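Notes to accompany the following structure.
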Amino acid sequence: MIGVTADMPGGLNQNVDSEGVDWDAAEPEPADDDSGFSITAITRFFPRLQLGKNRSSFSSDTANVLRGRLQAYTLITLLVLVLGFLASLGNDTPLRVFRVIVLLIMATAWWRLRRHQDDSLITLRFIETTCVIALVSQVTAMAWLRIDGFATAGDAASTVGATQFLHTLIAVVVLTYGMFIPNSWWRAASISLPIALVPIGVVFALRSFNPDFVTIEQTVDLSKPIPETLVAAVIAITGSQMIQSVRREAFEAKRLGQYTLLDPIGSGGMGDVYRAEHRMLKRPCAIKLVRSDVSDGETAIQRFEAEVQATAELSHWNSIEVYDYGRTDEGTFYYVMELLPGENLEQIVKQHGPMPPGRVVHLLVQVCDALTEAHSRGLIHRDIKPAN
């Protein structure tokens, strides 16, 4: 657990336990797994974790997911609207200014989501609602003009086709919204159901404002027993509920006592290291989870506890500070360390090439100073390498 600093570009200051650091002087640990790993490693190696609940933390997780989904949603919608706008340039349409406004709304939303990574969940929900309302408004206005125009011209077939096309477009909007946007079932319902009723509202309004539409409706039945938009809304609501449940289960799988596991940092022979956060203090930290196949047995746990306690006594400024350690009710051992951002030596050399001798000496002196204190307390680092 060594951190070194450098006052040059690409300075080094990182948790080095991420590639399999062990402080015990017993047999060498297995080789590192260079194949990469994900958060699912938790359930693979720590299947019995006892998990807590914290609504505000789940809201933060929802905000992170929503930000990424909204970026994709606004970008895809923007591209589709741009293509539609370009295709209509040759037509004299009264909606041209309105379509430009909707394009600007989508472009502004996408730009803000790209530039601002710290928006609150309330802000993100406002952006989401604004974009959805703008999109539905454009679809509705376009459909209204088409249906009204065909009805006025007495073209029954085109009127029916335009009405059917409105149902299809709204169904796509509802399904796309349900697929992209993370929601609870009640929020998905509060958004999806009103959108699904738009075609019914358009038909009802046309009956009041266009007598020609009423005439066509007398010869052609435009009503539907179960509109596909409502079917799409039910699918979107059900899907949102299922996805929300899976997300919550995945989020709870990243909980460890008072800590919330965030992103994986690295993996080694003894366990996996994650960037984490204290739930109450909101202090960033790094947590190493010792794999169950390594920590099975009371003797192994006592050894790990003794090592962590000894490591916590290290005071050199190049040694990682240990904040906490413990076991879950089911026996999974973990310890919590200071989180040091930055790059390790291996990454710096790969990105910038060989270091000047003076800088190498500057870094190695810090490593040796930290190891000297550790050795004086009987701790042996068995995996010294640039990545550590």
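Please note that chains go A, B, ... in the order of the structure tokens, that every chain numbers its residues from 1, and that ligands are numbered from 1 in the order shown.
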
List as JSON lines every residue of stretch 101-148 of chain A that is in contact with stretch 161-179 of chain A, defined as an atom at most 8 Å from one of its atoms (using only C-alpha atoms), together with the nearest atom pair and the distance in Å rounded to one decimal, sorted by chain and then rising number.
{"residue": "A:Val136", "atom": "CA", "partner": "A:Ile170", "partner_atom": "CA", "distance": 7.6}
{"residue": "A:Val139", "atom": "CA", "partner": "A:Leu169", "partner_atom": "CA", "distance": 7.5}
{"residue": "A:Thr140", "atom": "CA", "partner": "A:Leu166", "partner_atom": "CA", "distance": 7.6}
{"residue": "A:Ala143", "atom": "CA", "partner": "A:Leu166", "partner_atom": "CA", "distance": 6.0}
{"residue": "A:Arg146", "atom": "CA", "partner": "A:Ala162", "partner_atom": "CA", "distance": 6.5}
{"residue": "A:Ile147", "atom": "CA", "partner": "A:Ala162", "partner_atom": "CA", "distance": 5.6}

When DSSP is applied to the backbone of this structure, which of stretch 158-309 of chain A are assigned helix (DSSP H, G or I)? Write them out as number ranges by chain. A: 158-180, 185-196, 198-209, 211-219, 228-252, 292-295, 298-309

Rounded to one decimal in Å, what is the spacing between atom CA of A:Met106 and atom CA of A:Thr74?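 It comes out at 5.8 Å.
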
Do a neighbour search on A:Val203 at 12 Å with only C-alpha atoms, toss out local chain neighbours closer than 3 positions, and write the hits as number ranges by chain. A: 140, 143-144, 147-148, 151, 159-160, 162-164, 166-167, 197-200, 206-210, 213-214, 216-217, 221-224

A:Phe333: which residues within 7 Å, counting only C-alpha atoms, same-chain residues fewer than 6 positions away excluded, as a PyMOL selection string? chain A and resi 289-290+326-327

Interatomic distance, atom CA of A:Asn64 to atom CA of A:Arg283 (Å, one decimal):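 Interatomic distance here is 18.0 Å.
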
Can you list, as a PyMOL selection string, every protein, DNA or RNA residue that comes within 6 Å of stretch 322-324 of chain A when you count only C-alpha atoms, leaving out same-chain residues fewer than 6 positions away? chain A and resi 312+335-337

Counting only C-alpha atoms, the residue among A:Leu339, A:Leu86, A:Ala306, A:Ile237 that lies closest to A:Tyr325 is A:Ala306
